[in-house]
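So this one's run.pdb, PDB, C-alpha atoms:
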```
MODEL        1
ATOM      1  CA  LYS A  84     -14.489 -29.072  -8.858
ATOM      2  CA  ASN A  85     -11.558 -29.069 -11.272
ATOM      3  CA  ARG A  86     -10.040 -25.645 -10.753
ATOM      4  CA  PRO A  87      -7.049 -24.322 -12.674
ATOM      5  CA  GLN A  88      -3.897 -24.320 -10.535
ATOM      6  CA  ASN A  89      -2.344 -21.109 -11.919
ATOM      7  CA  ARG A  90      -5.280 -18.912 -11.044
ATOM      8  CA  PRO A  91      -4.336 -15.494  -9.564
ATOM      9  CA  LYS A  92      -4.787 -15.233  -5.818
ATOM     10  CA  TYR A  93      -6.192 -12.095  -4.287
ATOM     11  CA  GLY A  94      -5.720 -11.449  -0.635
ATOM     12  CA  VAL A  95      -4.883  -8.744   1.795
ATOM     13  CA  MET A  96      -2.415  -6.192   0.457
ATOM     14  CA  THR A  97       0.650  -5.752   2.645
ATOM     15  CA  PHE A  98       2.832  -2.665   2.946
ATOM     16  CA  ALA A  99       5.562  -4.415   0.927
ATOM     17  CA  ASP A 100       3.118  -4.875  -1.968
ATOM     18  CA  ILE A 101       3.012  -1.113  -2.573
ATOM     19  CA  ALA A 102       6.159  -1.318  -4.699
ATOM     20  CA  HIS A 103       4.325  -3.530  -7.193
ATOM     21  CA  TYR A 104       1.461  -1.105  -7.781
ATOM     22  CA  ARG A 105       1.520   1.988  -9.976
ATOM     23  CA  LEU A 106      -0.402   4.537  -7.984
ATOM     24  CA  PRO A 107      -1.538   7.822  -9.531
ATOM     25  CA  LEU A 108       0.039  11.045  -8.331
ATOM     26  CA  ALA A 109      -3.143  11.923  -6.426
ATOM     27  CA  ALA A 110      -2.754   8.744  -4.361
ATOM     28  CA  TYR A 111       0.762   9.708  -3.292
ATOM     29  CA  LEU A 112      -0.543  13.183  -2.478
ATOM     30  CA  SER A 113      -3.274  11.698  -0.300
ATOM     31  CA  ILE A 114      -0.837   9.413   1.515
ATOM     32  CA  LEU A 115       1.530  12.328   2.163
ATOM     33  CA  HIS A 116      -1.424  14.433   3.348
ATOM     34  CA  ARG A 117      -2.091  11.867   6.070
ATOM     35  CA  ILE A 118       1.598  11.569   6.982
ATOM     36  CA  SER A 119       2.037  15.351   7.162
ATOM     37  CA  GLY A 120      -1.050  15.679   9.356
ATOM     38  CA  ALA A 121       0.203  12.993  11.716
ATOM     39  CA  ALA A 122       3.651  14.632  11.895
ATOM     40  CA  LEU A 123       2.089  17.987  12.753
ATOM     41  CA  VAL A 124      -0.111  16.479  15.473
ATOM     42  CA  ILE A 125       2.803  14.551  16.993
ATOM     43  CA  MET A 126       5.159  17.539  16.974
ATOM     44  CA  LEU A 127       2.674  20.165  18.191
ATOM     45  CA  PRO A 128       3.104  19.518  21.945
ATOM     46  CA  PHE A 129       6.906  19.604  21.579
ATOM     47  CA  LEU A 130       6.790  22.867  19.614
ATOM     48  CA  LEU A 131       4.450  24.475  22.119
ATOM     49  CA  TYR A 132       6.735  23.376  24.958
ATOM     50  CA  LEU A 133       9.755  24.918  23.209
ATOM     51  CA  LEU A 134       7.831  28.131  22.584
ATOM     52  CA  ASP A 135       6.725  28.305  26.219
ATOM     53  CA  ARG A 136      10.264  27.740  27.507
ATOM     54  CA  SER A 137      11.826  30.184  25.058
ATOM     55  CA  LEU A 138       9.479  32.971  26.164
ATOM     56  CA  MET A 139      10.261  32.621  29.884
ATOM     57  CA  SER A 140      13.354  34.846  29.860
ATOM     58  CA  GLU A 141      16.076  36.263  27.656
ATOM     59  CA  ILE A 142      18.458  33.556  28.847
ATOM     60  CA  SER A 143      16.110  30.741  27.866
ATOM     61  CA  PHE A 144      15.484  32.438  24.500
ATOM     62  CA  GLU A 145      19.229  32.568  23.821
ATOM     63  CA  TYR A 146      19.576  28.935  24.875
ATOM     64  CA  PHE A 147      16.872  27.773  22.451
ATOM     65  CA  LYS A 148      18.251  30.050  19.752
ATOM     66  CA  GLY A 149      21.494  28.109  20.064
ATOM     67  CA  PHE A 150      19.588  24.814  20.137
ATOM     68  CA  VAL A 151      17.824  25.624  16.858
ATOM     69  CA  SER A 152      21.104  26.484  15.143
ATOM     70  CA  GLY A 153      22.128  22.806  14.872
ATOM     71  CA  TRP A 154      21.849  21.167  11.446
ATOM     72  CA  PHE A 155      19.694  18.286  12.684
ATOM     73  CA  VAL A 156      17.173  20.615  14.324
ATOM     74  CA  LYS A 157      17.128  22.711  11.146
ATOM     75  CA  LEU A 158      16.293  19.543   9.202
ATOM     76  CA  ILE A 159      13.398  18.833  11.572
ATOM     77  CA  ILE A 160      12.185  22.428  11.209
ATOM     78  CA  LEU A 161      12.398  22.080   7.426
ATOM     79  CA  GLY A 162      10.372  18.870   7.582
ATOM     80  CA  LEU A 163       7.726  20.615   9.670
ATOM     81  CA  VAL A 164       7.614  23.547   7.246
ATOM     82  CA  TRP A 165       7.044  21.108   4.381
ATOM     83  CA  ALA A 166       4.442  19.180   6.405
ATOM     84  CA  TYR A 167       2.531  22.368   7.172
ATOM     85  CA  LEU A 168       2.605  23.675   3.593
ATOM     86  CA  HIS A 169       1.753  20.301   2.085
ATOM     87  CA  HIS A 170      -1.058  19.661   4.548
ATOM     88  CA  PHE A 171      -2.469  23.142   4.010
ATOM     89  CA  PHE A 172      -2.522  23.030   0.201
ATOM     90  CA  ALA A 173      -3.615  19.391   0.031
ATOM     91  CA  GLY A 174      -6.388  20.253   2.489
ATOM     92  CA  LEU A 175      -7.556  23.079   0.219
ATOM     93  CA  ARG A 176      -7.515  20.630  -2.697
ATOM     94  CA  HIS A 177      -9.577  18.109  -0.732
ATOM     95  CA  LEU A 178     -11.974  20.870   0.324
ATOM     96  CA  GLY A 179     -12.469  21.803  -3.326
ATOM     97  CA  MET A 180     -13.141  18.165  -4.144
ATOM     98  CA  ASP A 181     -15.776  18.096  -1.390
ATOM     99  CA  PHE A 182     -17.547  20.799  -3.405
ATOM    100  CA  HIS A 183     -17.199  18.647  -6.546
ATOM    101  CA  MET A 184     -14.506  20.805  -8.112
ATOM    102  CA  GLY A 185     -11.681  19.070  -9.953
ATOM    103  CA  ILE A 186     -12.841  15.517  -9.385
ATOM    104  CA  ASP A 187     -12.175  14.218 -12.899
ATOM    105  CA  LYS A 188      -8.925  12.419 -13.641
ATOM    106  CA  ASP A 189      -7.198  15.235 -15.557
ATOM    107  CA  SER A 190      -8.091  17.911 -12.994
ATOM    108  CA  GLY A 191      -6.983  15.615 -10.185
ATOM    109  CA  LYS A 192      -3.566  15.199 -11.766
ATOM    110  CA  LYS A 193      -3.190  18.943 -12.381
ATOM    111  CA  SER A 194      -4.247  19.848  -8.852
ATOM    112  CA  SER A 195      -1.860  17.219  -7.443
ATOM    113  CA  ILE A 196       1.020  18.766  -9.361
ATOM    114  CA  ALA A 197      -0.044  22.218  -8.135
ATOM    115  CA  VAL A 198      -0.042  21.044  -4.505
ATOM    116  CA  PHE A 199       3.442  19.576  -4.853
ATOM    117  CA  VAL A 200       4.761  22.775  -6.471
ATOM    118  CA  LEU A 201       3.047  25.027  -3.937
ATOM    119  CA  SER A 202       4.507  23.045  -1.038
ATOM    120  CA  LEU A 203       7.975  22.194  -2.342
ATOM    121  CA  VAL A 204       9.029  25.559  -3.823
ATOM    122  CA  PRO A 205       8.503  27.566  -0.596
ATOM    123  CA  THR A 206      10.069  24.705   1.376
ATOM    124  CA  ALA A 207      13.155  24.943  -0.848
ATOM    125  CA  LEU A 208      13.303  28.699  -0.198
ATOM    126  CA  VAL A 209      13.055  28.122   3.549
ATOM    127  CA  ALA A 210      15.828  25.509   3.250
ATOM    128  CA  LEU A 211      18.071  28.012   1.507
ATOM    129  CA  LYS A 212      17.377  30.568   4.251
ATOM    130  CA  LEU A 213      17.815  28.059   7.091
ATOM    131  CA  PHE A 214      21.136  26.792   5.814
ATOM    132  CA  GLY A 215      22.540  30.257   5.098
ATOM    133  CA  ALA A 216      22.304  30.681   1.316
ATOM    134  CA  PHE A 217      20.923  34.199   1.866
TER     135      PHE A 217
ENDMDL
END
```
Target format structure tokens, applied to this file:
Amino acid sequence: KNRPQNRPKYGVMTFADIAHYRLPLAAYLSILHRISGAALVIMLPFLLYLLDRSLMSEISFEYFKGFVSGWFVKLIILGLVWAYLHHFFAGLRHLGMDFHMGIDKDSGKKSSIAVFVLSLVPTALVALKLFGAF
């Protein structure tokens, strides 16, 4: 019945506690996979609506062409491009893991790096194109 007073307490982890933990790269990849999937699901109805409206006539196409030329909309488009690429490549990685490929620690780190490279490099190229570098 005499318990030490300075014993560590374990409880429910809060979102603020994340800063105190050192997560492996694969954990960040998994978290971003969920976020990118949610972003794609949330934005899909809006994108389909814009596509539908832009295909109604030449006037509506020109209107939405002007709408998409704003820097803020370009930033949203860039975010969606990244979300799609990241979700796609992370999904392929997870599919491979379902078939027991690359499930050891070293392979997991290498495949995580590959997913980040495969999603960020094309996103950077799209950013350069969107913002007029070429």
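All residues of protein, DNA or RNA that reach within 12 Å of Ala121 of chain A, judged by all atoms listed in the file and not counting those fewer than 4 positions away in the chain, are Ile114, Leu115, His116, Arg117, Ile125, Met126, Leu127, Leu163, Ala166, Tyr167 and His170 of chain A.
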Apply the PyMOL selection byres ((chain A and resi 186-199) around 9) to the structure shown and report the selected residues as a ChimeraX atom specification. /A:107-109,111-112,168-169,172-173,176,179-181,183-185,200-204
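Going from atom CA of Lys148 of chain A to atom CA of Ala122 of chain A covers 22.6 Å.
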Edge lengths and centre in Å to one decimal, as JSON, of the axis-aligned box that encloses all listed atoms of segment 174-178 of chain A with 8 Å added on every side?
```
{"center_x": -9.2, "center_y": 20.6, "center_z": -0.1, "size_x": 21.6, "size_y": 21.0, "size_z": 21.2}
```
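One distance worth recording is that between atom CA of Lys157 of chain A and atom CA of Phe214 of chain A, which is 7.8 Å.
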Rank A:Gly149, A:Phe98, A:Ser140, A:His177 by their smallest atom-to-atom distance to Ser113 of chain A, using all atoms listed in the file, and report the top residue only. A:His177
Hey, what's within 8 Å of Ser137 of chain A if we count only C-alpha atoms and toss same-chain stuff fewer than 5 positions away? As number ranges by chain, please? A: 143-147
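Pairwise distance (atom CA of Thr206 of chain A, atom CA of Tyr132 of chain A) equals 23.9 Å.
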Atoms are missing here; could segment 104-134 of chain A be completed with N, CA and C atoms and written as a JSON list (two decimals), in the frame of the given file?
```
[["chain", "number", "residue", "atom", "x", "y", "z"],
["A", 104, "TYR", "N", 2.61, -1.81, -7.24],
["A", 104, "TYR", "CA", 1.46, -1.10, -7.78],
["A", 104, "TYR", "C", 1.88, 0.25, -8.33],
["A", 105, "ARG", "N", 1.28, 0.66, -9.43],
["A", 105, "ARG", "CA", 1.52, 1.99, -9.98],
["A", 105, "ARG", "C", 0.38, 2.89, -9.54],
["A", 106, "LEU", "N", 0.63, 3.65, -8.52],
["A", 106, "LEU", "CA", -0.40, 4.54, -7.98],
["A", 106, "LEU", "C", -0.38, 5.86, -8.74],
["A", 107, "PRO", "N", -1.53, 6.49, -8.93],
["A", 107, "PRO", "CA", -1.54, 7.82, -9.53],
["A", 107, "PRO", "C", -0.95, 8.85, -8.57],
["A", 108, "LEU", "N", -0.58, 9.98, -9.13],
["A", 108, "LEU", "CA", 0.04, 11.04, -8.33],
["A", 108, "LEU", "C", -0.88, 11.49, -7.20],
["A", 109, "ALA", "N", -2.18, 11.51, -7.46],
["A", 109, "ALA", "CA", -3.14, 11.92, -6.43],
["A", 109, "ALA", "C", -3.12, 10.97, -5.23],
["A", 110, "ALA", "N", -2.83, 9.70, -5.47],
["A", 110, "ALA", "CA", -2.75, 8.74, -4.36],
["A", 110, "ALA", "C", -1.55, 9.04, -3.47],
["A", 111, "TYR", "N", -0.41, 9.34, -4.09],
["A", 111, "TYR", "CA", 0.76, 9.71, -3.29],
["A", 111, "TYR", "C", 0.49, 10.99, -2.52],
["A", 112, "LEU", "N", -0.20, 11.94, -3.14],
["A", 112, "LEU", "CA", -0.54, 13.18, -2.48],
["A", 112, "LEU", "C", -1.41, 12.91, -1.25],
["A", 113, "SER", "N", -2.38, 12.03, -1.41],
["A", 113, "SER", "CA", -3.27, 11.70, -0.30],
["A", 113, "SER", "C", -2.53, 11.01, 0.84],
["A", 114, "ILE", "N", -1.64, 10.10, 0.49],
["A", 114, "ILE", "CA", -0.84, 9.41, 1.52],
["A", 114, "ILE", "C", 0.03, 10.41, 2.27],
["A", 115, "LEU", "N", 0.68, 11.32, 1.53],
["A", 115, "LEU", "CA", 1.53, 12.33, 2.16],
["A", 115, "LEU", "C", 0.70, 13.32, 2.98],
["A", 116, "HIS", "N", -0.54, 13.55, 2.58],
["A", 116, "HIS", "CA", -1.42, 14.43, 3.35],
["A", 116, "HIS", "C", -1.66, 13.83, 4.73],
["A", 117, "ARG", "N", -1.88, 12.54, 4.78],
["A", 117, "ARG", "CA", -2.09, 11.87, 6.07],
["A", 117, "ARG", "C", -0.82, 11.87, 6.91],
["A", 118, "ILE", "N", 0.32, 11.59, 6.27],
["A", 118, "ILE", "CA", 1.60, 11.57, 6.98],
["A", 118, "ILE", "C", 1.93, 12.96, 7.53],
["A", 119, "SER", "N", 1.72, 13.99, 6.70],
["A", 119, "SER", "CA", 2.04, 15.35, 7.16],
["A", 119, "SER", "C", 1.12, 15.77, 8.32],
["A", 120, "GLY", "N", -0.13, 15.38, 8.25],
["A", 120, "GLY", "CA", -1.05, 15.68, 9.36],
["A", 120, "GLY", "C", -0.63, 14.99, 10.64],
["A", 121, "ALA", "N", -0.24, 13.74, 10.53],
["A", 121, "ALA", "CA", 0.20, 12.99, 11.72],
["A", 121, "ALA", "C", 1.47, 13.62, 12.30],
["A", 122, "ALA", "N", 2.41, 14.02, 11.43],
["A", 122, "ALA", "CA", 3.65, 14.63, 11.90],
["A", 122, "ALA", "C", 3.36, 15.94, 12.63],
["A", 123, "LEU", "N", 2.43, 16.72, 12.10],
["A", 123, "LEU", "CA", 2.09, 17.99, 12.75],
["A", 123, "LEU", "C", 1.44, 17.76, 14.11],
["A", 124, "VAL", "N", 0.56, 16.78, 14.20],
["A", 124, "VAL", "CA", -0.11, 16.48, 15.47],
["A", 124, "VAL", "C", 0.89, 15.97, 16.50],
["A", 125, "ILE", "N", 1.81, 15.12, 16.07],
["A", 125, "ILE", "CA", 2.80, 14.55, 16.99],
["A", 125, "ILE", "C", 3.77, 15.63, 17.49],
["A", 126, "MET", "N", 4.16, 16.54, 16.61],
["A", 126, "MET", "CA", 5.16, 17.54, 16.97],
["A", 126, "MET", "C", 4.58, 18.76, 17.69],
["A", 127, "LEU", "N", 3.28, 18.97, 17.60],
["A", 127, "LEU", "CA", 2.67, 20.16, 18.19],
["A", 127, "LEU", "C", 2.96, 20.33, 19.69],
["A", 128, "PRO", "N", 2.79, 19.31, 20.52],
["A", 128, "PRO", "CA", 3.10, 19.52, 21.94],
["A", 128, "PRO", "C", 4.57, 19.90, 22.18],
["A", 129, "PHE", "N", 5.48, 19.29, 21.44],
["A", 129, "PHE", "CA", 6.91, 19.60, 21.58],
["A", 129, "PHE", "C", 7.17, 21.05, 21.17],
["A", 130, "LEU", "N", 6.59, 21.49, 20.07],
["A", 130, "LEU", "CA", 6.79, 22.87, 19.61],
["A", 130, "LEU", "C", 6.21, 23.88, 20.59],
["A", 131, "LEU", "N", 5.05, 23.57, 21.13],
["A", 131, "LEU", "CA", 4.45, 24.48, 22.12],
["A", 131, "LEU", "C", 5.28, 24.54, 23.40],
["A", 132, "TYR", "N", 5.86, 23.40, 23.79],
["A", 132, "TYR", "CA", 6.74, 23.38, 24.96],
["A", 132, "TYR", "C", 7.97, 24.25, 24.71],
["A", 133, "LEU", "N", 8.58, 24.10, 23.53],
["A", 133, "LEU", "CA", 9.76, 24.92, 23.21],
["A", 133, "LEU", "C", 9.40, 26.41, 23.18],
["A", 134, "LEU", "N", 8.26, 26.74, 22.62],
["A", 134, "LEU", "CA", 7.83, 28.13, 22.58],
["A", 134, "LEU", "C", 7.63, 28.66, 24.00]]
```
